[in-house]
Number of protein chains: 4
Amino acid sequence: MTLSSFNNLDKEAAAKELFSCCGSKKWVSLMMNAFPVGSGNALIEKATTIWYDECHDKDWLESFTHHPRIGDKKSLTEKFAGREQAGVASATREIIEALASSNTAYEKKFGFIFIVCATGKSAIEMLRLLNDRLKNDRNNEIRIAMGEQHKITLIRLEKLFEDFQFLKMSQVTTHVLDTAAGRPGRDISVRLIHKATNEWQTIAQGVTNGDGRVSDLLPAGKILLPGIYKMVFETGNYYSDQKIKSFYPYVEIVFQIFDDAHYHVPLLISPFGYSTYRGS
Amino acid sequence: MTLSSFNNLDKEAAAKELFSCCGSKKWVSLMMNAFPVGSGNALIEKATTIWYDECHDKDWLESFTHHPRIGDKKSLTEKFAGREQAGVASATREIIEALASSNTAYEKKFGFIFIVCATGKSAIEMLRLLNDRLKNDRNNEIRIAMGEQHKITLIRLEKLFEDFQFLKMSQVTTHVLDTAAGRPGRDISVRLIHKATNEWQTIAQGVTNGDGRVSDLLPAGKILLPGIYKMVFETGNYYSDQKIKSFYPYVEIVFQIFDDAHYHVPLLISPFGYSTYRGS
Amino acid sequence: MTLSSFNNLDKEAAAKELFSCCGSKKWVSLMMNAFPVGSGNALIEKATTIWYDECHDKDWLESFTHHPRIGDKKSLTEKFAGREQAGVASATREIIEALASSNTAYEKKFGFIFIVCATGKSAIEMLRLLNDRLKNDRNNEIRIAMGEQHKITLIRLEKLFEDFQFLKMSQVTTHVLDTAAGRPGRDISVRLIHKATNEWQTIAQGVTNGDGRVSDLLPAGKILLPGIYKMVFETGNYYSDQKIKSFYPYVEIVFQIFDDAHYHVPLLISPFGYSTYRGS
Amino acid sequence: MTLSSFNNLDKEAAAKELFSCCGSKKWVSLMMNAFPVGSGNALIEKATTIWYDECHDKDWLESFTHHPRIGDKKSLTEKFAGREQAGVASATREIIEALASSNTAYEKKFGFIFIVCATGKSAIEMLRLLNDRLKNDRNNEIRIAMGEQHKITLIRLEKLFEDFQFLKMSQVTTHVLDTAAGRPGRDISVRLIHKATNEWQTIAQGVTNGDGRVSDLLPAGKILLPGIYKMVFETGNYYSDQKIKSFYPYVEIVFQIFDDAHYHVPLLISPFGYSTYRGS
């Protein structure tokens, strides 16, 4: 469908399409006020602002209920999920079972299912991420899950409208290189944490891929407030998994976001030394 | 006095000498049990163990009451203080006044006077340190102050016994180099923090000197428990004092102490990048 | 034209098309033996092998004579040049004149015109590169120029055949980040030098662009022999142009190429410190 | 002997003492003109200036003939040698034999014996250094050997005059830390090379000790001319000895000496990355 043919749909049909992208009635209703929109970028901006600034716990939780469980075979065949969760498809039975089991533990702890933008993630990465997120408290976890929901929403919007593509990437990116081994640092858990007025709030979580990157830490186009942020890399686990002694149980990099520019926060790690810098 | 002539003193005279090194009755009394001691090193080890493991808040606070105030001219002339606080002597009137004023604020906040091992510190360093420590909560501050008391005790013991010298240095040391400017990073506030069972406890605080070092972060010979520690460097202030924009509001390095070896945790800093490693 | 329609051309027409990509008779003649080719990748591989391994100084020099001069307005309008040398178009008159003057000096010194793959380069970058290359001896310069000729040949082949695109990038890439300034290190001259049996031979030269990169150091698909190579970065000029004192007159990084993998050799530079690592 | 009692010696006796420190007649004769000297520092400065600026190949070679061979048991018992070459004493028979054999090869190649300031060096370090220096050409090797001779001269002068001590260290120092292993990089060959008018001249060579340092790269008090220098670290051998694959066959750091200050040029190395900075 093109954007203009969407603009010509009747309200009910249009709302139904949007609801298939994000299952929150409030988000859909506020989005409907934004139509007709002139461009894909305007649509994305609106979708993002409404989700982050005008929706709340209740709306986010509602949207979570409209998702298939990862690893639940029946759900995987439903609309969108087949492609979005392709990483799982090739996973071994063992990993599927671990995913299913952690999924159950997750739902029991938080009261909602595990939401993750599975695009581009291997089953191993997803399992690690699921287990990492299981350790969060509920407030942080809702915040992370709603960010994942938004990444999914954007991908669905991009599929819905055949005539536009995102050109934007995550405002904050990272890259881990293991300078002792001479290769990317993969399967390292990463958290992005914001220093809010009274506390540190985890706002995104990821696992480095085979190239040492977390490419979708934030939803494309989401601009963070200027302020103090922290990236935490679980390098201790990375080395202990390899039976290598390391000086650092984890690495924390506290940095400032000054504006809406791109912030690349890479880590060069070896067992007894590390470097970071503002990349480009 | 030699160690052996000390060993021959009567109990009362010996206790009086020890009390002039550290004004805690409990510490003196437990130390008396350790005499006669065969060597300076044994004495230092005993002095340290008793102070850290067998004394408590009450004893530490008692010792603080036997100190002259820094910047209090009358007190500076008393025994020991003249040399220990030599850094203050050359300070300008302005800094003396700032020290006196912060000293008053400190005493008002914590209920005891500011204890610091002034040896080798300039008045500027001491003023920065005093203002840094003013921000602590009382529990952390008592812990830091008792460490400072112990550094003072050791220096006094070394002076008391003409026949031995410390050869040990702080178990944890640091060094900051500014790789953009090509010189040591001086006047940077540094904290050493221990991950205790339930919380992070600040155990030492210092300010880098003209060589970029904090040489006496811990009392000589004090061995920390193996575990997780954190060094925090206030590099953001260092750069903002110079009107230089920096990416990092501060730098945190979390590391592990495995054993009783020496741990050197240096920082190479530039405004938009930094490195650390286990030094030697 | 598609590859298959090319395969159906008569010999003379086909040779004429190839000659418009690279003006060496020997290269064209050897290429003709390779037709019909089944794929773009096979074509590129053949074009590269013939150029590097079967052609020699005489052939390379011949190809150079079929080029417009950069900055020569008449030539710029000829086939290909308009787009390939687009960077020059927007240059100021002053830079054009400097280019023309250095071009003359170059031709006088070497006896052939300055060959450079201008795609993506600003006039400033080209001027710096031209002046850098003016310092080479003739043997090194021929080697560099024939590499540039090959980059141009590849771009022309890509344009000629509408149905394929290069997916490969330079086997050796670099990236300079200025960690004191927090931005890419731009306009830095870079040389790639090979340790041949008896001497160091410069094989490619470039200037970092606005993102701190030299993206086309080698022609796409050119695989270097395993061995010892050196990247030299003229960081001293970079800093002296900015009136910043620096400890390093230039930075040399000697590294090994083990296989046909991609080698990323980045540089993190500040005036009094630098880092490098094998990137990805 | 004190400096003043030396000043009172008759000329012949004084010259004999100096000749026992450095066996060059020209050096002794020019030194005699400097007496009486008022201080140890003045003496050292004079000794250094004469040796570097007024003596030449002929004088340096003459001094080499007055040395015992390292590993030559008879010579080791002669005056000075017993203490200066203490590192050899504890060496295994195997190393002694390797030293003797390389010593013979050295003498055969260069026509003079291997001169090295053995103080503080283990037999292994000396063997590595001897084998490294065997690879030099004769001009570079004479330059290095005369620097070693001067280190020996200074140590002998210090022993001769009971009332002064060097406080100065090598103007250029280095320190190698292995950030993958978390320990000093030991037994790494290091060369200091000067960019003279027309060529690069090796002016000093060393091997890192157990602390990763080469503490006596230059004779104490020797001030280098401002200019461009290069440190080369044989890190490739360091890793290949440990069967670790490394990206760098060696590391070259080109730097500038601006003045007579101390220059610390450390290297943080891991197999696939390294850093350097101006240390302090």
# chains A, B, ... in the order shown; residues from 1 in each chain; ligands from 1
call {"tool": "interface_residues", "arguments": {"of": "chain B", "to": "chain C", "cutoff": "6 Å", "atoms": "only C-alpha atoms", "output": "list in words"}}
result
Thr179, Ala180, Gly182, Ser270, Pro271, Phe272 and Gly273 of chain B
call {"tool": "write_last_selection", "arguments": {"atoms": "C-alpha atoms", "output": "short mmCIF file (atom, residue, chain, number, x, y, z; two decimals), in the first residue's frame"}}
result
data_model
loop_
_atom_site.label_atom_id
_atom_site.label_comp_id
_atom_site.auth_asym_id
_atom_site.auth_seq_id
_atom_site.Cartn_x
_atom_site.Cartn_y
_atom_site.Cartn_z
CA THR B 179 47.20 12.51 26.20
CA ALA B 180 45.77 15.57 24.48
CA GLY B 182 50.92 15.57 26.89
CA SER B 270 41.66 12.96 26.36
CA PRO B 271 38.44 14.95 25.99
CA PHE B 272 36.78 12.36 23.71
CA GLY B 273 38.51 9.11 24.57
#
call {"tool": "select_by_dssp", "arguments": {"residues": "region 78-210 of chain A", "states": "strand (DSSP E)", "output": "list in words"}}
result
Val172, Thr173, Thr174, His175, Val176, Leu177, Asp178, Arg183, Pro184, Ser189, Val190, Arg191, Leu192, Ile193, His194, Lys195, Trp200, Gln201, Thr202, Ile203, Ala204, Gln205, Gly206 and Val207 of chain A
call {"tool": "closest_residue", "arguments": {"among": "A:Asp211, A:Glu252, A:Glu234, A:Asp163", "to": "Ser4 (chain A)", "atoms": "only C-alpha atoms"}}
result
A:Asp163
call {"tool": "residues_around", "arguments": {"residues": "region 24-40 of chain C", "least_positions_apart": "3", "cutoff": "10 Å", "atoms": "only C-alpha atoms", "output": "VMD selection string"}}
result
chain C and resid 3 to 4 6 to 8 11 to 12 14 to 21 43 to 48 50 to 52 54 to 56 58 to 66 157 to 158 161 163 to 166
call {"tool": "write_last_selection", "arguments": {"atoms": "C-alpha atoms", "output": "PDB file, in the first residue's frame"}}
result
ATOM      1  CA  LEU C   3      26.919  -8.637 -19.958  1.00  0.00           C
ATOM      2  CA  SER C   4      25.186 -10.997 -22.381  1.00  0.00           C
ATOM      3  CA  PHE C   6      28.336  -7.450 -24.642  1.00  0.00           C
ATOM      4  CA  ASN C   7      29.229 -11.085 -25.147  1.00  0.00           C
ATOM      5  CA  ASN C   8      27.362 -10.915 -28.459  1.00  0.00           C
ATOM      6  CA  LYS C  11      35.323  -8.387 -31.548  1.00  0.00           C
ATOM      7  CA  GLU C  12      36.116  -4.922 -32.754  1.00  0.00           C
ATOM      8  CA  ALA C  14      33.801  -5.165 -27.833  1.00  0.00           C
ATOM      9  CA  ALA C  15      37.457  -4.149 -27.808  1.00  0.00           C
ATOM     10  CA  LYS C  16      36.482  -0.554 -28.392  1.00  0.00           C
ATOM     11  CA  GLU C  17      34.222  -0.584 -25.352  1.00  0.00           C
ATOM     12  CA  LEU C  18      36.961  -2.065 -23.183  1.00  0.00           C
ATOM     13  CA  PHE C  19      39.473   0.444 -24.499  1.00  0.00           C
ATOM     14  CA  SER C  20      37.170   3.230 -23.352  1.00  0.00           C
ATOM     15  CA  CYS C  21      37.532   1.788 -19.841  1.00  0.00           C
ATOM     16  CA  LEU C  43      35.067 -10.069 -15.195  1.00  0.00           C
ATOM     17  CA  ILE C  44      36.425  -7.935 -12.364  1.00  0.00           C
ATOM     18  CA  GLU C  45      38.755 -10.647 -11.208  1.00  0.00           C
ATOM     19  CA  LYS C  46      40.103 -11.063 -14.715  1.00  0.00           C
ATOM     20  CA  ALA C  47      40.451  -7.324 -15.242  1.00  0.00           C
ATOM     21  CA  THR C  48      42.432  -7.071 -12.017  1.00  0.00           C
ATOM     22  CA  ILE C  50      45.608  -8.949 -16.053  1.00  0.00           C
ATOM     23  CA  TRP C  51      46.292  -5.387 -14.970  1.00  0.00           C
ATOM     24  CA  TYR C  52      48.461  -6.238 -11.975  1.00  0.00           C
ATOM     25  CA  GLU C  54      50.405  -9.403 -16.839  1.00  0.00           C
ATOM     26  CA  CYS C  55      50.757  -5.724 -17.666  1.00  0.00           C
ATOM     27  CA  HIS C  56      53.869  -3.702 -16.985  1.00  0.00           C
ATOM     28  CA  LYS C  58      54.822   0.315 -20.602  1.00  0.00           C
ATOM     29  CA  ASP C  59      51.147  -0.699 -20.575  1.00  0.00           C
ATOM     30  CA  TRP C  60      50.338   1.340 -17.500  1.00  0.00           C
ATOM     31  CA  LEU C  61      51.992   4.413 -18.998  1.00  0.00           C
ATOM     32  CA  GLU C  62      50.095   3.896 -22.223  1.00  0.00           C
ATOM     33  CA  SER C  63      46.784   3.918 -20.374  1.00  0.00           C
ATOM     34  CA  PHE C  64      47.701   7.178 -18.637  1.00  0.00           C
ATOM     35  CA  THR C  65      47.915   8.939 -21.989  1.00  0.00           C
ATOM     36  CA  HIS C  66      44.192   8.382 -22.578  1.00  0.00           C
ATOM     37  CA  LEU C 157      33.192  -1.227 -16.285  1.00  0.00           C
ATOM     38  CA  GLU C 158      30.466  -0.912 -13.705  1.00  0.00           C
ATOM     39  CA  PHE C 161      27.461  -3.136 -17.680  1.00  0.00           C
ATOM     40  CA  ASP C 163      23.502  -5.479 -14.746  1.00  0.00           C
ATOM     41  CA  PHE C 164      26.185  -5.738 -12.128  1.00  0.00           C
ATOM     42  CA  GLN C 165      27.497  -3.826  -9.181  1.00  0.00           C
ATOM     43  CA  PHE C 166      30.609  -4.173  -7.103  1.00  0.00           C
TER      44      PHE C 166
END
call {"tool": "residues_around", "arguments": {"residues": "region 265-267 of chain D", "least_positions_apart": "3", "cutoff": "8 Å", "atoms": "only C-alpha atoms", "output": "number ranges by chain"}}
result
D: 172-177, 274-279
call {"tool": "closest_residue", "arguments": {"among": "B:Leu129, B:Val207, B:Cys22, B:Val214", "to": "Tyr106 (chain B)", "atoms": "only C-alpha atoms"}}
result
B:Leu129
